[in-house]
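As provided, model.cif (mmCIF, C-alpha atoms and all ligand atoms) reads as follows.
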data_input
#
loop_
_atom_site.label_atom_id
_atom_site.label_comp_id
_atom_site.auth_asym_id
_atom_site.auth_seq_id
_atom_site.Cartn_x
_atom_site.Cartn_y
_atom_site.Cartn_z
CA MET S 1299 107.27 71.03 94.58
CA ILE S 1300 106.69 70.88 90.81
CA CYS S 1301 104.13 73.41 89.69
CA VAL S 1302 102.66 73.52 86.19
CA GLU S 1303 100.59 76.63 85.53
CA GLN S 1304 98.43 77.25 82.48
CA VAL S 1305 100.90 75.46 80.21
CA SER S 1306 100.17 75.19 76.48
CA LYS S 1307 102.13 73.62 73.62
CA GLU S 1308 101.20 73.65 69.94
CA TYR S 1309 102.84 71.85 67.00
CA SER S 1310 101.91 73.41 63.66
CA SER S 1311 98.12 73.04 63.77
CA THR S 1312 97.91 70.54 66.70
CA ILE S 1313 97.30 71.78 70.22
CA ALA S 1314 99.15 69.07 72.18
CA VAL S 1315 98.74 70.65 75.64
CA ASN S 1316 96.05 73.20 76.36
CA GLN S 1317 96.25 75.50 79.41
CA LEU S 1318 97.10 72.70 81.79
CA SER S 1319 97.68 73.32 85.51
CA PHE S 1320 98.62 70.85 88.24
CA SER S 1321 101.25 70.26 90.89
CA VAL S 1322 103.31 67.29 92.04
CA ASN S 1323 104.30 66.97 95.70
CA LYS S 1324 107.74 66.03 96.89
CA GLY S 1325 108.09 62.27 97.46
CA GLU S 1326 104.88 61.19 95.74
CA ILE S 1327 104.22 58.92 92.78
CA PHE S 1328 102.22 60.94 90.27
CA ALA S 1329 100.69 59.36 87.17
CA LEU S 1330 99.87 61.00 83.84
CA LEU S 1331 97.07 59.14 82.08
CA GLY S 1332 95.24 59.61 78.83
CA PRO S 1333 94.51 58.08 75.43
CA ASN S 1334 97.06 58.04 72.60
CA GLY S 1335 97.72 61.60 71.53
CA ALA S 1336 96.37 63.11 74.78
CA GLY S 1337 99.58 65.12 75.21
CA LYS S 1338 101.40 63.15 77.93
CA SER S 1339 104.78 62.94 76.18
CA SER S 1340 104.56 66.58 75.10
CA LEU S 1341 104.01 67.49 78.74
CA VAL S 1342 106.84 65.21 79.92
CA ARG S 1343 109.24 66.82 77.42
CA MET S 1344 108.40 70.22 78.93
CA LEU S 1345 108.83 68.90 82.49
CA VAL S 1346 112.32 67.62 81.72
CA GLY S 1347 113.22 70.84 79.87
CA PHE S 1348 113.60 69.34 76.37
CA THR S 1349 111.03 71.78 75.00
CA LYS S 1350 109.61 75.04 76.32
CA PRO S 1351 105.91 75.78 76.78
CA ASP S 1352 104.43 78.26 74.27
CA SER S 1353 102.73 79.89 77.25
CA GLY S 1354 102.37 79.22 80.96
CA SER S 1355 105.13 78.08 83.28
CA VAL S 1356 106.78 75.06 84.86
CA SER S 1357 108.52 75.73 88.17
CA ILE S 1358 110.43 73.42 90.49
CA GLN S 1359 111.05 74.11 94.14
CA LEU S 1360 114.32 72.63 95.37
CA ALA S 1361 115.21 73.51 98.96
CA ASN S 1362 114.21 77.20 99.06
CA ARG S 1363 114.87 77.96 95.42
CA TYR S 1364 112.36 78.11 92.57
CA LEU S 1365 113.78 77.03 89.20
CA SER S 1366 112.24 76.91 85.74
CA GLU S 1367 113.82 73.52 85.07
CA ILE S 1368 115.07 70.49 86.99
CA PRO S 1369 118.91 70.49 87.23
CA ALA S 1370 120.24 67.54 85.19
CA HIS S 1371 121.98 65.85 88.15
CA LYS S 1372 118.69 65.82 90.12
CA LEU S 1373 116.68 64.35 87.24
CA GLY S 1374 116.31 60.74 86.11
CA TYR S 1375 114.49 60.39 82.81
CA LEU S 1376 113.13 57.47 80.80
CA PRO S 1377 112.32 58.93 77.37
CA GLU S 1378 109.54 57.65 75.13
CA ASP S 1379 112.12 56.91 72.43
CA ARG S 1380 114.49 54.69 74.38
CA GLY S 1381 118.14 55.55 73.70
CA LEU S 1382 120.63 52.82 74.58
CA TYR S 1383 123.53 51.47 72.52
CA GLY S 1384 122.60 48.09 71.08
CA GLU S 1385 126.13 47.02 70.09
CA LYS S 1386 127.54 47.75 73.57
CA THR S 1387 127.13 45.31 76.43
CA LEU S 1388 124.64 45.82 79.19
CA LEU S 1389 127.44 46.79 81.62
CA GLN S 1390 129.05 49.20 79.15
CA ASN S 1391 125.70 50.93 78.69
CA LEU S 1392 125.07 51.22 82.44
CA HIS S 1393 128.58 52.50 83.23
CA TYR S 1394 128.42 54.95 80.34
CA PHE S 1395 125.19 56.56 81.64
CA ALA S 1396 126.43 56.53 85.25
CA ALA S 1397 129.64 58.32 84.16
CA LEU S 1398 127.59 60.87 82.19
CA HIS S 1399 125.96 61.78 85.51
CA GLY S 1400 129.29 61.95 87.30
CA VAL S 1401 128.86 58.76 89.35
CA SER S 1402 132.19 57.13 90.31
CA LYS S 1403 132.82 53.63 88.91
CA PRO S 1404 132.72 51.85 92.31
CA ASP S 1405 129.50 53.63 93.33
CA ALA S 1406 127.94 52.84 89.97
CA GLN S 1407 128.99 49.19 90.23
CA LYS S 1408 127.34 48.83 93.65
CA ASN S 1409 124.10 50.26 92.35
CA ILE S 1410 124.29 48.25 89.13
CA ASP S 1411 124.80 44.96 91.01
CA TYR S 1412 121.80 45.71 93.22
CA TRP S 1413 119.41 46.55 90.40
CA LEU S 1414 120.59 43.80 88.05
CA ALA S 1415 119.79 41.31 90.80
CA ARG S 1416 116.37 42.90 91.43
CA PHE S 1417 115.56 42.70 87.72
CA ASP S 1418 116.86 39.12 87.23
CA LEU S 1419 119.64 40.25 84.89
CA ILE S 1420 122.62 38.76 86.71
CA GLY S 1421 124.74 36.74 84.26
CA ARG S 1422 123.71 38.88 81.28
CA GLU S 1423 126.16 41.73 82.02
CA ASN S 1424 128.51 41.09 79.11
CA GLU S 1425 125.92 40.42 76.42
CA PRO S 1426 125.37 43.06 73.75
CA LEU S 1427 122.22 44.94 74.66
CA LYS S 1428 120.59 44.20 71.29
CA SER S 1429 120.64 40.46 72.12
CA LEU S 1430 118.32 41.04 75.10
CA SER S 1431 114.54 40.83 74.74
CA LYS S 1432 112.61 44.12 74.46
CA GLY S 1433 111.42 43.79 78.06
CA ASN S 1434 114.93 43.18 79.40
CA GLN S 1435 116.27 46.15 77.43
CA GLN S 1436 113.50 48.20 78.99
CA LYS S 1437 114.65 47.15 82.47
CA VAL S 1438 118.24 48.19 81.66
CA GLN S 1439 116.93 51.54 80.46
CA LEU S 1440 115.05 51.98 83.75
CA ILE S 1441 118.24 51.29 85.69
CA THR S 1442 120.13 53.93 83.68
CA ALA S 1443 117.51 56.49 84.72
CA ILE S 1444 118.21 56.11 88.44
CA LEU S 1445 121.89 55.10 88.78
CA HIS S 1446 122.85 58.60 89.93
CA SER S 1447 120.16 58.61 92.69
CA PRO S 1448 118.17 61.55 91.30
CA GLU S 1449 115.60 63.45 93.40
CA ILE S 1450 113.00 63.49 90.62
CA VAL S 1451 112.39 60.59 88.26
CA ILE S 1452 110.26 61.10 85.15
CA LEU S 1453 109.34 57.95 83.25
CA ASP S 1454 107.51 57.97 79.94
CA GLU S 1455 105.60 54.66 79.76
CA PRO S 1456 107.81 52.50 82.02
CA PHE S 1457 105.46 49.47 81.67
CA SER S 1458 105.47 49.43 77.90
CA GLY S 1459 106.58 46.09 76.41
CA LEU S 1460 106.75 44.28 79.76
CA ASP S 1461 105.02 40.99 80.61
CA PRO S 1462 102.84 40.83 83.78
CA VAL S 1463 105.70 39.47 85.94
CA ASN S 1464 108.03 42.25 84.85
CA GLN S 1465 105.28 44.86 85.22
CA GLU S 1466 105.04 43.77 88.87
CA LYS S 1467 108.82 44.11 89.18
CA VAL S 1468 108.58 47.66 87.88
CA VAL S 1469 105.79 48.38 90.38
CA GLN S 1470 108.14 47.23 93.16
CA PHE S 1471 111.01 49.22 91.62
CA LEU S 1472 108.90 52.40 91.66
CA ALA S 1473 107.66 51.77 95.20
CA GLU S 1474 111.29 51.40 96.26
CA LEU S 1475 112.26 54.70 94.60
CA LYS S 1476 109.47 56.37 96.57
CA GLN S 1477 110.72 54.75 99.77
CA GLN S 1478 114.15 56.21 99.04
CA GLY S 1479 112.49 59.65 98.96
CA MET S 1480 112.42 60.19 95.19
CA THR S 1481 109.53 61.97 93.50
CA VAL S 1482 108.26 59.88 90.60
CA ILE S 1483 106.21 61.09 87.65
CA LEU S 1484 105.18 58.45 85.14
CA SER S 1485 102.93 58.22 82.13
CA ALA S 1486 101.14 54.93 81.62
CA HIS S 1487 98.27 53.10 79.93
CA GLN S 1488 98.22 50.23 82.47
CA MET S 1489 95.45 51.29 84.86
CA ALA S 1490 95.85 48.31 87.21
CA MET S 1491 99.50 49.25 87.84
CA VAL S 1492 98.66 52.92 88.34
CA GLU S 1493 95.84 52.03 90.74
CA LYS S 1494 98.32 50.08 92.89
CA LEU S 1495 101.03 52.71 92.85
CA ALA S 1496 100.05 56.28 92.28
CA ASP S 1497 99.39 58.68 95.14
CA ARG S 1498 97.72 61.10 92.76
CA MET S 1499 97.06 61.29 89.05
CA LEU S 1500 96.11 63.54 86.16
CA LEU S 1501 93.88 62.19 83.41
CA MET S 1502 94.30 64.15 80.18
CA ASN S 1503 92.40 64.16 76.91
CA LYS S 1504 93.17 66.33 73.88
CA GLY S 1505 95.73 68.24 75.92
CA GLU S 1506 93.26 69.16 78.65
CA ALA S 1507 92.87 68.03 82.25
CA VAL S 1508 89.86 65.73 82.67
CA LEU S 1509 90.40 64.37 86.21
CA TYR S 1510 93.02 65.24 88.82
CA GLY S 1511 93.69 64.06 92.36
CA THR S 1512 93.80 60.93 94.50
CA LEU S 1513 91.92 57.80 93.46
CA ASP S 1514 89.32 58.45 96.18
CA ALA S 1515 88.85 62.07 95.14
CA ILE S 1516 88.43 61.00 91.52
CA ARG S 1517 85.95 58.30 92.56
CA ALA S 1518 83.93 60.82 94.54
CA HIS S 1519 84.02 63.32 91.68
CA ILE S 1520 83.05 60.94 88.91
CA GLY S 1521 79.89 59.66 90.61
CA GLY S 1522 78.39 56.26 89.85
CA ALA S 1523 81.57 54.92 91.37
CA LEU S 1524 79.89 52.17 93.38
CA GLU S 1525 78.34 49.19 91.62
CA LEU S 1526 75.90 46.63 93.02
CA GLU S 1527 75.70 43.31 91.20
CA VAL S 1528 72.54 41.31 91.87
CA GLY S 1529 72.09 37.75 90.62
CA TYR S 1530 68.51 36.42 90.15
CA ALA S 1531 67.23 32.85 89.97
CA GLY S 1532 65.75 33.51 86.52
CA GLU S 1533 64.88 36.30 84.12
CA LEU S 1534 64.02 39.60 85.78
CA ASN S 1535 60.52 41.00 85.73
CA ALA S 1536 60.95 43.58 82.93
CA GLU S 1537 57.83 45.54 83.84
CA ALA S 1538 58.89 45.96 87.47
CA LEU S 1539 62.39 46.89 86.33
CA GLN S 1540 61.06 49.72 84.16
CA GLN S 1541 58.67 50.86 86.85
CA HIS S 1542 61.14 50.97 89.76
CA PHE S 1543 64.57 51.48 88.23
CA SER S 1544 64.02 54.38 85.84
CA GLN S 1545 65.88 56.75 88.21
CA PHE S 1546 68.94 54.46 88.38
CA ASN S 1547 71.73 53.78 85.93
CA TYR S 1548 71.71 50.01 85.35
CA ARG S 1549 72.55 47.25 82.88
CA LEU S 1550 71.61 43.58 82.55
CA ASN S 1551 74.07 40.72 82.12
CA LYS S 1552 72.52 37.64 80.47
CA GLN S 1553 69.00 38.71 81.57
CA CYS S 1554 69.44 37.36 85.11
CA THR S 1555 72.12 39.62 86.57
CA LEU S 1556 71.42 43.25 87.29
CA VAL S 1557 74.31 45.72 87.68
CA VAL S 1558 73.30 49.05 89.23
CA SER S 1559 75.63 52.06 89.27
CA LEU S 1560 75.08 54.22 92.34
CA GLU S 1561 76.04 57.86 92.71
CA ASN S 1562 76.61 57.45 96.44
CA LYS S 1563 76.28 54.93 99.23
CA SER S 1564 73.08 56.50 100.58
CA GLN S 1565 71.22 55.02 97.58
CA VAL S 1566 72.03 51.45 98.65
CA ASN S 1567 69.04 51.24 100.99
CA ASP S 1568 66.60 52.45 98.34
CA VAL S 1569 67.85 49.84 95.89
CA LEU S 1570 67.77 46.99 98.42
CA THR S 1571 64.06 47.52 99.10
CA ILE S 1572 63.20 47.30 95.38
CA LEU S 1573 65.33 44.29 94.43
CA PRO S 1574 62.92 41.51 95.59
CA GLN S 1575 60.18 42.94 93.39
CA LEU S 1576 62.16 41.99 90.28
CA GLY S 1577 62.49 38.28 91.10
CA GLN S 1578 64.17 35.80 93.41
CA VAL S 1579 67.51 37.32 94.52
CA MET S 1580 70.30 34.71 94.68
CA HIS S 1581 73.32 36.86 95.51
CA ILE S 1582 74.38 40.49 95.92
CA SER S 1583 77.86 41.95 95.77
CA SER S 1584 79.18 45.49 95.71
CA ARG S 1585 82.42 46.88 94.32
CA ASN S 1586 84.07 50.23 93.73
CA MET S 1587 84.43 51.11 90.10
CA ASP S 1588 88.09 50.51 89.23
CA LEU S 1589 90.38 53.07 87.62
CA HIS S 1590 90.02 51.41 84.21
CA GLN S 1591 86.23 51.87 84.27
CA MET S 1592 86.46 55.42 85.66
CA TYR S 1593 88.98 56.28 82.94
CA LEU S 1594 86.64 55.02 80.20
CA LYS S 1595 83.67 56.86 81.69
CA ALA S 1596 85.58 60.13 82.06
CA ILE S 1597 87.09 60.01 78.56
CA GLU S 1598 83.73 59.17 76.98
CA SER S 1599 82.07 62.07 78.74
CA HIS S 1600 84.93 64.46 77.81
CA GLN S 1601 84.75 63.35 74.15
CA SER S 1602 81.00 63.91 73.94
CA LYS S 1603 81.36 67.30 75.68
CA SER S 1604 84.01 68.30 73.10
CA ILE S 1605 81.72 67.20 70.27
CA ARG S 1606 78.77 69.19 71.73
CA GLN S 1607 81.01 72.26 72.10
CA GLY S 1608 82.25 71.80 68.51
CA GLU S 1609 78.67 71.60 67.22
CA ALA S 1610 77.61 74.68 69.18
CA GLN S 1611 80.36 76.83 67.59
N1 LIG M 1701 107.09 66.78 67.45
C1 LIG M 1701 105.81 66.85 67.11
N2 LIG M 1701 105.42 67.46 65.96
C2 LIG M 1701 104.13 67.55 65.61
N3 LIG M 1701 103.10 67.05 66.35
C3 LIG M 1701 103.42 66.44 67.49
C4 LIG M 1701 104.79 66.30 67.94
N4 LIG M 1701 104.78 65.65 69.13
C5 LIG M 1701 103.48 65.38 69.41
N5 LIG M 1701 102.68 65.86 68.44
C6 LIG M 1701 101.20 65.78 68.42
O1 LIG M 1701 100.75 66.26 69.67
C7 LIG M 1701 99.66 65.47 70.15
C8 LIG M 1701 100.04 64.88 71.51
O2 LIG M 1701 101.05 63.90 71.32
P1 LIG M 1701 101.81 63.18 72.53
O3 LIG M 1701 102.86 62.32 71.94
O4 LIG M 1701 102.22 64.22 73.49
O5 LIG M 1701 100.64 62.31 73.15
P2 LIG M 1701 100.71 61.09 74.18
O6 LIG M 1701 99.62 61.30 75.16
O7 LIG M 1701 102.09 60.96 74.73
O8 LIG M 1701 100.36 59.86 73.25
P3 LIG M 1701 100.79 58.28 73.37
O9 LIG M 1701 100.04 57.71 74.53
O10 LIG M 1701 100.34 57.72 72.06
O11 LIG M 1701 102.30 58.23 73.54
C9 LIG M 1701 99.40 64.42 69.09
O12 LIG M 1701 98.35 64.89 68.26
C10 LIG M 1701 100.70 64.34 68.32
O13 LIG M 1701 100.47 63.96 66.98
#

Would you mind writing the file out in structure tokens?
Ligand SMILES: Nc1ncnc2c1ncn2[C@@H]1O[C@H](COP(=O)(O)OP(=O)(O)OP(=O)(O)O)[C@@H](O)[C@H]1O
Amino acid sequence: MICVEQVSKEYSSTIAVNQLSFSVNKGEIFALLGPNGAGKSSLVRMLVGFTKPDSGSVSIQLANRYLSEIPAHKLGYLPEDRGLYGEKTLLQNLHYFAALHGVSKPDAQKNIDYWLARFDLIGRENEPLKSLSKGNQQKVQLITAILHSPEIVILDEPFSGLDPVNQEKVVQFLAELKQQGMTVILSAHQMAMVEKLADRMLLMNKGEAVLYGTLDAIRAHIGGALELEVGYAGELNAEALQQHFSQFNYRLNKQCTLVVSLENKSQVNDVLTILPQLGQVMHISSRNMDLHQMYLKAIESHQSKSIRQGEAQ
């Protein structure tokens, strides 16, 4: 429903977004990930129509029409630079933004009451916004983005500045928006939250796409996504380790725990037959590599590829 094709954006000498292509389906939660300066906010600003791509295109399909930008009344946006009025009360802020989107006062009030209760802000309505903590101000800003029941919600770092309890509340908030049929695009650095929420994701680095798809597709693509952890009664036999494990990617924790990274599940059998030759096995556990680890692995490999390419030129 949202289609980004070969989009590039350059600021003076910085290429913020470099020939990026991806699509976002109607009704899904789509996450934009990447290190600081990867180009997420630059991309978000193009998605919401604040800036235009230098080349490439952004198109939005709404009903049977293709548009080059999302109509304002169908868009809810949480900008990177939050923009509320600190001197005004929480209620004045919320009603002001609802009115800007043409929502009637009674409709706005109903929605406001619901979300204030969900975000534990009941009783704070008449306080000036600036007297609220950063996290609470962030929650008010999130409410302003959705008071007009938009079809597409684009949130630049919605978890920023929130404690773990409030991060969970935002996870529930986003899941509820999805349930209501909204399409949600968010940028985030909190991998655990993204892992819980996102249907699909795009990992960017230096303006380029590094990984794209569902968590499972990314896991399959990245390889080494399954880890076996093997605890031994004492130190491992170093000679046997070198002899039998040279073809595997492994590390040792405190000399008596071996962690082996497997490319695929068919290698499990091979590893299990070798393990007793290294010492007395006390326990074995397996786990999928989590998004945080996959992110680090993918960014490291993209950085070293960029360096190799730079050296070759
Ligand atoms: N208005 C601007 N003028 C000049 N350079 C800019 C501008 N906006 C972004 N950049 C540059 O473009 C690159 C991408 O920045 P962007 O803010 O899009 O990254 P980001 O992924 O959102 O980073 P963060 O996670 O830190 O918010 C950076 O090198 C940044 O310095």

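As for atom CA of Leu1500 of chain S and atom CA of Thr1512 of chain S, they are spaced 9.0 Å apart.
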
Residues within 10 Å of ligand LIG 1701 (chain M) should be enumerated using only C-alpha atoms and all ligand atoms and returned as a compact mmCIF listing (two decimals) with C-alpha atoms, keeping the file's coordinate frame.
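Wrote out_31.txt, looks like this:
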# COMPACT_ATOMS: atom_id res chain seq x y z
CA LYS S 1307 102.13 73.62 73.62
CA GLU S 1308 101.20 73.65 69.94
CA TYR S 1309 102.84 71.85 67.00
CA SER S 1310 101.91 73.41 63.66
CA SER S 1311 98.12 73.04 63.77
CA THR S 1312 97.91 70.54 66.70
CA ILE S 1313 97.30 71.78 70.22
CA ALA S 1314 99.15 69.07 72.18
CA VAL S 1315 98.74 70.65 75.64
CA LEU S 1330 99.87 61.00 83.84
CA LEU S 1331 97.07 59.14 82.08
CA GLY S 1332 95.24 59.61 78.83
CA PRO S 1333 94.51 58.08 75.43
CA ASN S 1334 97.06 58.04 72.60
CA GLY S 1335 97.72 61.60 71.53
CA ALA S 1336 96.37 63.11 74.78
CA GLY S 1337 99.58 65.12 75.21
CA LYS S 1338 101.40 63.15 77.93
CA SER S 1339 104.78 62.94 76.18
CA SER S 1340 104.56 66.58 75.10
CA LEU S 1341 104.01 67.49 78.74
CA VAL S 1342 106.84 65.21 79.92
CA ARG S 1343 109.24 66.82 77.42
CA THR S 1349 111.03 71.78 75.00
CA GLU S 1378 109.54 57.65 75.13
CA ASP S 1379 112.12 56.91 72.43
CA ASP S 1454 107.51 57.97 79.94
CA GLU S 1455 105.60 54.66 79.76
CA SER S 1485 102.93 58.22 82.13
CA ALA S 1486 101.14 54.93 81.62
CA HIS S 1487 98.27 53.10 79.93
CA MET S 1502 94.30 64.15 80.18
CA ASN S 1503 92.40 64.16 76.91
CA LYS S 1504 93.17 66.33 73.88
CA GLY S 1505 95.73 68.24 75.92

Q: Determine the nearest neighbour of Gln1435 of chain S from the options S:Leu1382, S:Ile1450, S:Ala1523, S:Cys1554, counting all atoms listed in the file.
A: S:Leu1382

Q. For Lys1372 of chain S, which residue among S:Thr1481, S:Val1463, S:Asp1418, S:Ser1353 is the nearest when counting all atoms listed in the file?
A.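 The shortest atom-to-atom distance to Lys1372 of chain S comes from S:Thr1481.
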
(Q) I want to know what sits within 8 Å of Arg1585 of chain S, based on all atoms listed in the file, with residues of the same chain fewer than 3 positions away left out; could you give that as a ChimeraX atom specification? (A) /S:1524-1526

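With only C-alpha atoms as the atoms that count, the minimum distance from Gln1317 of chain S to the choices S:Val1401, S:Ala1531, S:Ala1507, S:Ile1597 is reached by S:Ala1507.
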
Q.
For a cutoff of 8 Å around the file-coordinate point (122.2, 50.8, 75.1), which residues qualify once you count only C-alpha atoms? I'd like the result as a list in words.
A.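 The distance filter leaves exactly Gly1381, Leu1382, Tyr1383, Gly1384, Glu1385, Lys1386, Thr1387, Leu1388, Asn1391, Leu1392, Leu1427, Lys1428, Gln1435 and Gln1439 of chain S.
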
Polymer residues at most 10 Å from (107.4, 49.1, 78.8) by all atoms listed in the file, as a tab-separated table (two decimals) with C-alpha atoms, in the coordinates of the input:
chain	number	residue	atom	x	y	z
S	1378	GLU	CA	109.54	57.65	75.13
S	1432	LYS	CA	112.61	44.12	74.46
S	1433	GLY	CA	111.42	43.79	78.06
S	1434	ASN	CA	114.93	43.18	79.40
S	1435	GLN	CA	116.27	46.15	77.43
S	1436	GLN	CA	113.50	48.20	78.99
S	1437	LYS	CA	114.65	47.15	82.47
S	1439	GLN	CA	116.93	51.54	80.46
S	1440	LEU	CA	115.05	51.98	83.75
S	1454	ASP	CA	107.51	57.97	79.94
S	1455	GLU	CA	105.60	54.66	79.76
S	1456	PRO	CA	107.81	52.50	82.02
S	1457	PHE	CA	105.46	49.47	81.67
S	1458	SER	CA	105.47	49.43	77.90
S	1459	GLY	CA	106.58	46.09	76.41
S	1460	LEU	CA	106.75	44.28	79.76
S	1461	ASP	CA	105.02	40.99	80.61
S	1464	ASN	CA	108.03	42.25	84.85
S	1465	GLN	CA	105.28	44.86	85.22
S	1468	VAL	CA	108.58	47.66	87.88
S	1486	ALA	CA	101.14	54.93	81.62
S	1488	GLN	CA	98.22	50.23	82.47

Q) Between S:Ile1483, S:Ala1443, S:Ala1538, S:Val1558, which one has atoms that come closest to Met1587 of chain S, using only C-alpha atoms? A)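 Checking each candidate against Met1587 of chain S, we get S:Val1558 as the closest.
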
With 8 Å of padding per side, what axis-aligned box (centre and edge lengths, Å, one decimal) covers all the listed atoms of segment 1433-1441 of chain S? Give it as AutoDock Vina command-line options.
--center_x 114.8 --center_y 47.6 --center_z 81.6 --size_x 22.8 --size_y 24.8 --size_z 24.3

Q: Just the residues within 9 Å of Glu1367 of chain S, please, counting only C-alpha atoms, with nothing from its chain fewer than 6 positions along; format it as a VMD selection string.
A: chain S and resid 1344 to 1347 1356 to 1358

Q | Atom-to-atom span, atom CA of Lys1324 of chain S and atom CA of Met1480 of chain S, Å | A |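 Atom-to-atom, atom CA of Lys1324 of chain S to atom CA of Met1480 of chain S, that is 7.7 Å.
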
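As for atom CA of Tyr1593 of chain S and atom CA of Leu1501 of chain S, they are spaced 7.7 Å apart.
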
Q. For Asn1535 of chain S, which of S:Tyr1375, S:Ile1572, S:Asn1567, S:Gly1511 is the closest residue, counting all atoms listed in the file?
A.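 Result for the nearest residue to Asn1535 of chain S: S:Ile1572.
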
Q. Restricting the calculation to only C-alpha atoms, which member of S:Gly1354, S:Gly1479, S:Gly1400, S:Pro1574 is positioned closest to Glu1449 of chain S?
A.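 Among the listed residues, the smallest separation from Glu1449 of chain S belongs to S:Gly1479.
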
Q.
Which residues are near Gln1553 of chain S? Cut-off 9 Å, all atoms listed in the file, ignore same chain within fewer than 3 positions. Put them as a PyMOL selection string.
A. chain S and resi 1530+1532-1534+1550+1556
